[in-house]
file protein.txt (compact mmCIF, C-alpha atoms)
# COMPACT_ATOMS: atom_id res chain seq x y z
CA PRO D 19 -15.83 -1.95 -24.86
CA ASP D 20 -15.82 -0.33 -28.28
CA ALA D 21 -13.01 -2.42 -29.82
CA GLY D 22 -11.12 -5.66 -29.37
CA THR D 23 -12.05 -9.12 -28.12
CA ILE D 24 -11.51 -10.89 -24.79
CA ARG D 25 -10.74 -14.59 -25.27
CA LEU D 26 -10.48 -17.41 -22.78
CA ASP D 27 -8.68 -20.48 -24.18
CA GLY D 28 -9.13 -18.98 -27.62
CA VAL D 29 -12.91 -18.59 -27.28
CA PRO D 30 -14.41 -15.05 -27.15
CA LEU D 31 -16.21 -14.44 -23.86
CA THR D 32 -19.20 -13.22 -25.85
CA ASP D 33 -19.50 -16.75 -27.28
CA GLY D 34 -18.49 -18.62 -24.13
CA GLY D 35 -21.27 -17.05 -22.08
CA ARG D 36 -21.90 -18.05 -18.50
CA ALA D 37 -19.86 -21.25 -18.77
CA ALA D 38 -16.71 -19.24 -19.55
CA LYS D 39 -17.36 -16.70 -16.79
CA ARG D 40 -17.71 -19.52 -14.27
CA ARG D 41 -14.05 -20.30 -14.91
CA ILE D 42 -12.96 -16.82 -13.80
CA GLY D 43 -12.57 -15.44 -10.26
CA TYR D 44 -12.13 -11.71 -9.67
CA LEU D 45 -11.11 -9.54 -6.73
CA PRO D 46 -11.44 -5.81 -7.55
CA GLU D 47 -9.30 -3.14 -5.94
CA ASN D 48 -12.25 -1.98 -3.83
CA ASN D 49 -13.10 -5.29 -2.15
CA PRO D 50 -16.93 -5.49 -2.26
CA LEU D 51 -17.92 -6.72 1.21
CA TYR D 52 -20.96 -6.08 3.40
CA ALA D 53 -19.47 -4.93 6.71
CA GLU D 54 -22.58 -5.81 8.72
CA MET D 55 -22.56 -9.47 7.63
CA LEU D 56 -20.64 -12.27 9.28
CA VAL D 57 -17.88 -13.80 7.16
CA SER D 58 -19.88 -17.04 7.11
CA GLU D 59 -23.01 -15.22 5.91
CA TRP D 60 -21.13 -13.40 3.16
CA LEU D 61 -19.46 -16.52 1.78
CA ASP D 62 -22.74 -18.44 1.93
CA TYR D 63 -24.39 -15.59 0.02
CA VAL D 64 -21.65 -15.65 -2.65
CA ALA D 65 -22.03 -19.42 -2.94
CA GLY D 66 -25.72 -18.90 -3.64
CA LEU D 67 -24.95 -16.32 -6.32
CA ARG D 68 -22.57 -18.81 -7.89
CA ASP D 69 -25.29 -21.48 -7.82
CA ILE D 70 -23.18 -23.73 -5.60
CA ARG D 71 -25.51 -25.95 -3.59
CA GLY D 72 -25.72 -28.96 -1.29
CA ALA D 73 -22.63 -31.05 -0.65
CA GLU D 74 -20.70 -29.07 -3.26
CA ARG D 75 -21.32 -25.86 -1.30
CA ARG D 76 -19.99 -27.37 1.92
CA SER D 77 -16.93 -28.70 0.11
CA SER D 78 -16.26 -25.41 -1.73
CA LEU D 79 -16.62 -23.37 1.46
CA GLY D 80 -14.26 -25.69 3.35
CA GLU D 81 -11.61 -25.49 0.61
CA ALA D 82 -11.83 -21.67 0.29
CA ILE D 83 -11.70 -21.14 4.06
CA ALA D 84 -8.67 -23.41 4.45
CA ALA D 85 -6.86 -21.94 1.41
CA THR D 86 -7.17 -18.36 2.70
CA GLY D 87 -6.65 -19.10 6.41
CA ILE D 88 -9.81 -17.41 7.70
CA GLU D 89 -10.97 -20.16 10.08
CA ASP D 90 -10.49 -17.94 13.16
CA VAL D 91 -12.65 -15.10 11.77
CA TYR D 92 -15.29 -17.18 9.99
CA HIS D 93 -18.03 -16.29 12.50
CA ARG D 94 -17.01 -12.66 13.05
CA PRO D 95 -18.61 -9.55 11.51
CA ILE D 96 -16.70 -8.36 8.45
CA GLY D 97 -16.72 -4.81 9.84
CA GLU D 98 -14.51 -5.91 12.74
CA LEU D 99 -11.79 -7.41 10.55
CA SER D 100 -8.43 -5.88 9.69
CA LYS D 101 -7.75 -4.87 6.08
CA GLY D 102 -5.57 -7.96 5.69
CA PHE D 103 -8.34 -10.32 6.77
CA ARG D 104 -10.86 -8.49 4.59
CA GLN D 105 -8.60 -9.16 1.61
CA ARG D 106 -8.48 -12.81 2.62
CA VAL D 107 -12.27 -12.94 2.76
CA GLY D 108 -12.43 -11.33 -0.68
CA LEU D 109 -10.00 -13.93 -2.02
CA ALA D 110 -12.07 -16.73 -0.47
CA ALA D 111 -15.15 -15.40 -2.27
CA ALA D 112 -13.20 -15.14 -5.54
CA ILE D 113 -12.05 -18.80 -5.46
CA LEU D 114 -15.23 -20.27 -4.01
CA HIS D 115 -16.34 -21.66 -7.38
CA ARG D 116 -12.87 -23.14 -8.07
CA PRO D 117 -11.98 -20.89 -11.04
CA ASP D 118 -9.23 -21.76 -13.51
CA LEU D 119 -8.28 -18.08 -13.79
CA LEU D 120 -8.05 -15.66 -10.87
CA VAL D 121 -7.81 -11.92 -11.61
CA LEU D 122 -6.59 -9.67 -8.77
CA ASP D 123 -6.61 -5.87 -9.02
CA GLU D 124 -4.17 -4.18 -6.59
CA PRO D 125 -4.68 -6.89 -3.92
CA THR D 126 -2.12 -5.42 -1.48
CA GLU D 127 -3.22 -1.77 -1.75
CA GLY D 128 -3.53 -0.16 1.70
CA LEU D 129 -1.98 -3.08 3.60
CA ASP D 130 0.83 -2.70 6.10
CA PRO D 131 4.16 -4.47 5.38
CA ASN D 132 3.29 -7.57 7.43
CA GLN D 133 -0.09 -7.90 5.73
CA ARG D 134 1.54 -7.50 2.32
CA VAL D 135 3.86 -10.42 3.03
CA GLU D 136 0.93 -12.61 4.09
CA ILE D 137 -1.15 -11.76 1.01
CA ARG D 138 1.85 -12.35 -1.28
CA ARG D 139 2.35 -15.77 0.29
CA LEU D 140 -1.34 -16.52 -0.10
CA ILE D 141 -1.34 -15.48 -3.77
CA GLY D 142 1.69 -17.70 -4.37
CA GLN D 143 -0.16 -20.67 -2.89
CA LEU D 144 -3.30 -19.97 -4.91
CA GLY D 145 -1.16 -19.76 -8.06
CA ARG D 146 -0.05 -23.38 -7.69
CA GLU D 147 -3.47 -24.65 -8.78
CA ARG D 148 -4.63 -21.94 -11.20
CA THR D 149 -3.46 -19.05 -13.35
CA VAL D 150 -3.35 -15.78 -11.42
CA ILE D 151 -3.32 -12.42 -13.20
CA LEU D 152 -2.11 -9.68 -10.86
CA SER D 153 -2.74 -6.09 -11.93
CA THR D 154 -0.71 -3.62 -9.88
CA HIS D 155 1.28 -0.38 -9.94
CA ILE D 156 3.26 -1.47 -6.86
CA LEU D 157 6.26 -2.78 -8.78
CA PRO D 158 7.98 -4.67 -5.92
CA GLU D 159 4.84 -6.83 -5.70
CA VAL D 160 5.57 -8.08 -9.22
CA GLN D 161 9.13 -9.12 -8.38
CA PHE D 162 8.05 -10.77 -5.13
CA THR D 163 4.99 -12.55 -6.53
CA CYS D 164 5.01 -13.09 -10.29
CA SER D 165 6.84 -15.38 -12.70
CA ARG D 166 5.76 -13.61 -15.90
CA LEU D 167 5.48 -9.86 -16.48
CA LEU D 168 3.52 -7.83 -19.01
CA ILE D 169 3.86 -4.05 -19.16
CA ILE D 170 1.11 -2.14 -20.96
CA ASN D 171 1.65 1.42 -22.19
CA ARG D 172 -1.02 3.42 -24.01
CA GLY D 173 -3.05 0.29 -24.58
CA ARG D 174 -0.20 -1.76 -26.09
CA ILE D 175 1.92 -4.55 -24.61
CA VAL D 176 5.49 -3.23 -24.58
CA ALA D 177 7.09 -6.06 -22.57
CA ASP D 178 6.24 -9.71 -22.04
CA GLY D 179 8.44 -12.37 -20.45
CA PRO D 180 10.00 -13.74 -17.25
CA VAL D 181 10.48 -10.98 -14.65
CA ASP D 182 14.24 -11.43 -14.20
CA ASP D 183 14.88 -11.52 -17.95
CA LEU D 184 12.98 -8.30 -18.54
CA VAL D 185 14.60 -6.45 -15.64
CA SER D 186 18.03 -7.30 -17.07
CA ARG D 187 17.06 -5.39 -20.24
CA ALA D 188 16.73 -2.05 -18.45
CA LYS D 189 19.10 0.55 -19.88
CA ASP D 190 19.87 1.83 -16.41
CA GLY D 191 20.00 -1.62 -14.88
CA ALA D 192 23.78 -1.82 -14.34
CA ARG D 193 24.97 0.12 -11.30
CA VAL D 194 28.14 -0.22 -9.29
CA SER D 195 28.26 0.88 -5.66
CA VAL D 196 31.68 2.21 -4.63
CA GLU D 197 32.80 3.35 -1.18
CA ALA D 198 36.38 4.49 -0.83
CA ALA D 199 38.69 6.98 0.86
CA GLY D 200 41.03 9.07 -1.25
CA ALA D 201 41.27 12.05 -3.56
CA GLY D 202 39.16 12.82 -6.65
CA ILE D 203 37.10 9.64 -6.43
CA ALA D 204 33.90 10.84 -8.12
CA ASP D 205 35.73 12.74 -10.86
CA ARG D 206 38.10 9.88 -11.69
CA LEU D 207 35.26 7.34 -11.78
CA ALA D 208 33.28 9.58 -14.14
CA GLU D 209 36.20 9.46 -16.60
CA LEU D 210 36.12 5.67 -16.92
CA PRO D 211 34.95 4.34 -20.32
CA GLY D 212 31.31 3.22 -20.24
CA VAL D 213 30.30 5.36 -17.27
CA ARG D 214 27.05 7.26 -17.83
CA GLY D 215 26.92 9.02 -14.49
CA VAL D 216 28.17 9.15 -10.91
CA GLU D 217 25.65 9.79 -8.13
CA PRO D 218 27.00 10.77 -4.69
CA ARG D 219 25.58 9.10 -1.58
CA ALA D 220 26.15 9.72 2.11
CA GLY D 221 29.39 8.18 3.34
CA GLU D 222 30.93 7.67 6.78
CA GLY D 223 33.70 9.95 7.98
CA ASP D 224 36.22 10.66 5.22
CA ARG D 225 34.80 7.92 3.00
CA VAL D 226 33.18 8.80 -0.32
CA ARG D 227 30.26 6.66 -1.45
CA VAL D 228 28.90 6.86 -5.01
CA ILE D 229 26.64 4.91 -7.35
CA VAL D 230 28.17 4.56 -10.82
CA THR D 231 25.69 4.05 -13.67
CA VAL D 232 27.10 1.95 -16.49
CA ALA D 233 26.16 2.00 -20.18
CA GLY D 234 26.06 -1.45 -21.72
CA ALA D 235 26.60 -4.86 -20.19
CA GLU D 236 30.29 -4.60 -19.20
CA ASP D 237 31.15 -5.43 -15.60
CA LEU D 238 32.93 -2.25 -14.52
CA ARG D 239 34.24 -3.58 -11.22
CA PRO D 240 37.67 -4.73 -12.49
CA ARG D 241 38.29 -1.24 -13.94
CA VAL D 242 37.22 0.39 -10.68
CA PHE D 243 39.50 -1.90 -8.69
CA GLU D 244 42.50 -1.14 -10.92
CA LEU D 245 41.75 2.59 -10.72
CA ALA D 246 41.55 2.44 -6.92
CA LYS D 247 44.89 0.60 -6.74
CA ALA D 248 46.58 3.03 -9.13
CA SER D 249 45.17 6.08 -7.32
CA GLY D 250 46.06 4.87 -3.83
CA TRP D 251 42.46 4.79 -2.63
CA THR D 252 41.36 2.64 0.29
CA LEU D 253 38.45 0.62 -1.08
CA PHE D 254 35.76 -0.30 1.46
CA GLU D 255 32.97 -1.43 -0.86
CA LEU D 256 32.65 -2.48 -4.49
CA HIS D 257 29.60 -4.35 -5.72
CA GLN D 258 27.24 -4.36 -8.66
CA GLU D 259 23.60 -3.66 -7.94
CA ALA D 260 20.84 -5.44 -9.84
CA GLY D 261 18.63 -3.47 -12.18
CA SER D 262 15.18 -2.60 -10.95
CA LEU D 263 11.73 -3.12 -12.34
CA GLU D 264 11.13 0.58 -11.83
CA ASP D 265 13.98 1.33 -14.26
CA LEU D 266 12.44 -0.96 -16.86
CA PHE D 267 8.93 0.44 -16.41
CA ARG D 268 10.13 4.03 -16.69
CA GLN D 269 12.18 3.16 -19.76
CA LEU D 270 9.34 1.43 -21.59
CA THR D 271 6.59 3.90 -20.70
CA THR D 272 8.51 7.09 -21.43
CA ASP D 273 10.27 6.03 -24.64
CA GLN D 274 7.10 4.91 -26.40
CA GLU D 275 5.37 7.16 -28.89
CA PRO D 276 1.63 7.78 -28.40
CA ALA D 277 -0.48 5.09 -30.09
call {"tool": "encode", "arguments": {"input": "protein.txt", "output": "structure tokens"}}
result
Amino acid sequence: PDAGTIRLDGVPLTDGGRAAKRRIGYLPENNPLYAEMLVSEWLDYVAGLRDIRGAERRSSLGEAIAATGIEDVYHRPIGELSKGFRQRVGLAAAILHRPDLLVLDEPTEGLDPNQRVEIRRLIGQLGRERTVILSTHILPEVQFTCSRLLIINRGRIVADGPVDDLVSRAKDGARVSVEAAGAGIADRLAELPGVRGVEPRAGEGDRVRVIVTVAGAEDLRPRVFELAKASGWTLFELHQEAGSLEDLFRQLTTDQEPA
């Protein structure tokens, strides 16, 4: 690093030394495992690197194995494990020394949907006893896993707060889904005050389905309902969709000037 300071509990890591680093666990995106080793051999090796010995080693291994659910693969070669179990083994190694802070870099990258769910659940459990920092570009992972969100753009924090609160700030967060049968639906909806755009979607039969993007915080549904009644439309669907984290991320990372 050529600028800035990393602090843990207010103390720069350069001053905290090895004692501070012992409080941190880290799982990089490219999980560093030796495929030819057994899981048991690898974790024992990591325990040695962490200077965990004797009864403490046995206790730490038992806790990490139970926390990550790798009992059934403990004596198998790492090279034979699925990507999901390899991530579990990496997490076991990262928490072996009982860190206060666990840093995970893209922990669900390359996993299938079922494996993603399992790793999310595991991260949630690990987060009950320690602070977990999750670095990811897979935005749904943030909404499924995290309680607090920070978005960094060009080296600066541009958002910081509870996930739901920040998502509600997205300019394009308010959308109304409308499905109806009748004449001039898209054009008439586009004329309503506060409508920024009308996006057509595939509908069934003679039904027209559109997504109406709303400017501001007004709930447009009562206006749509009155318009449908006045125009003689048959209304099949009318609901407001929640804003997305993708909307917020795009808003904050495209509107910012270069630092």
call {"tool": "residues_around", "arguments": {"input": "protein.txt", "residues": "stretch 98-114 of chain D", "least_positions_apart": "2", "cutoff": "8 Å", "atoms": "all atoms listed in the file", "output": "MDAnalysis selection string"}}
result
chainID D and resid 43:45 49:51 53 57 61 64:65 78:79 81:83 85:88 91 94:96 116:117 120 125 128:129 133:134 137
call {"tool": "atom_distance", "arguments": {"input": "protein.txt", "atom1": "atom CA of D:Thr154", "atom2": "atom CA of D:Asp118"}}
result
20.4 Å
call {"tool": "residues_around", "arguments": {"input": "protein.txt", "residues": "D:Val232", "least_positions_apart": "3", "cutoff": "6 Å", "atoms": "all atoms listed in the file", "output": "CSV table (one decimal) with C-alpha atoms, in the frame of the given file"}}
result
chain,number,residue,atom,x,y,z
D,192,ALA,CA,23.8,-1.8,-14.3
D,193,ARG,CA,25.0,0.1,-11.3
D,212,GLY,CA,31.3,3.2,-20.2
D,213,VAL,CA,30.3,5.4,-17.3
D,214,ARG,CA,27.0,7.3,-17.8
call {"tool": "atom_distance", "arguments": {"input": "protein.txt", "atom1": "atom CA of D:Leu210", "atom2": "atom CA of D:Val230"}}
result
10.1 Å
call {"tool": "residues_around", "arguments": {"input": "protein.txt", "residues": "D:Val242", "least_positions_apart": "4", "cutoff": "10 Å", "atoms": "all atoms listed in the file", "output": "number ranges by chain"}}
result
D: 194, 196, 206-207, 210, 230, 237-238, 246-248, 253, 256
call {"tool": "closest_residue", "arguments": {"input": "protein.txt", "among": "D:Ala84, D:Leu119, D:Leu168, D:Leu31", "to": "D:Phe267", "atoms": "all atoms listed in the file"}}
result
D:Leu168
call {"tool": "closest_residue", "arguments": {"input": "protein.txt", "among": "D:Pro218, D:Gly202, D:Gly66, D:Gly142", "to": "D:His115", "atoms": "only C-alpha atoms"}}
result
D:Gly66
call {"tool": "atom_distance", "arguments": {"input": "protein.txt", "atom1": "atom CA of D:Glu255", "atom2": "atom CA of D:Ala198"}}
result
6.8 Å
call {"tool": "closest_residue", "arguments": {"input": "protein.txt", "among": "D:Asp182, D:Glu47, D:Asp20, D:Glu209", "to": "D:Arg241", "atoms": "only C-alpha atoms"}}
result
D:Glu209
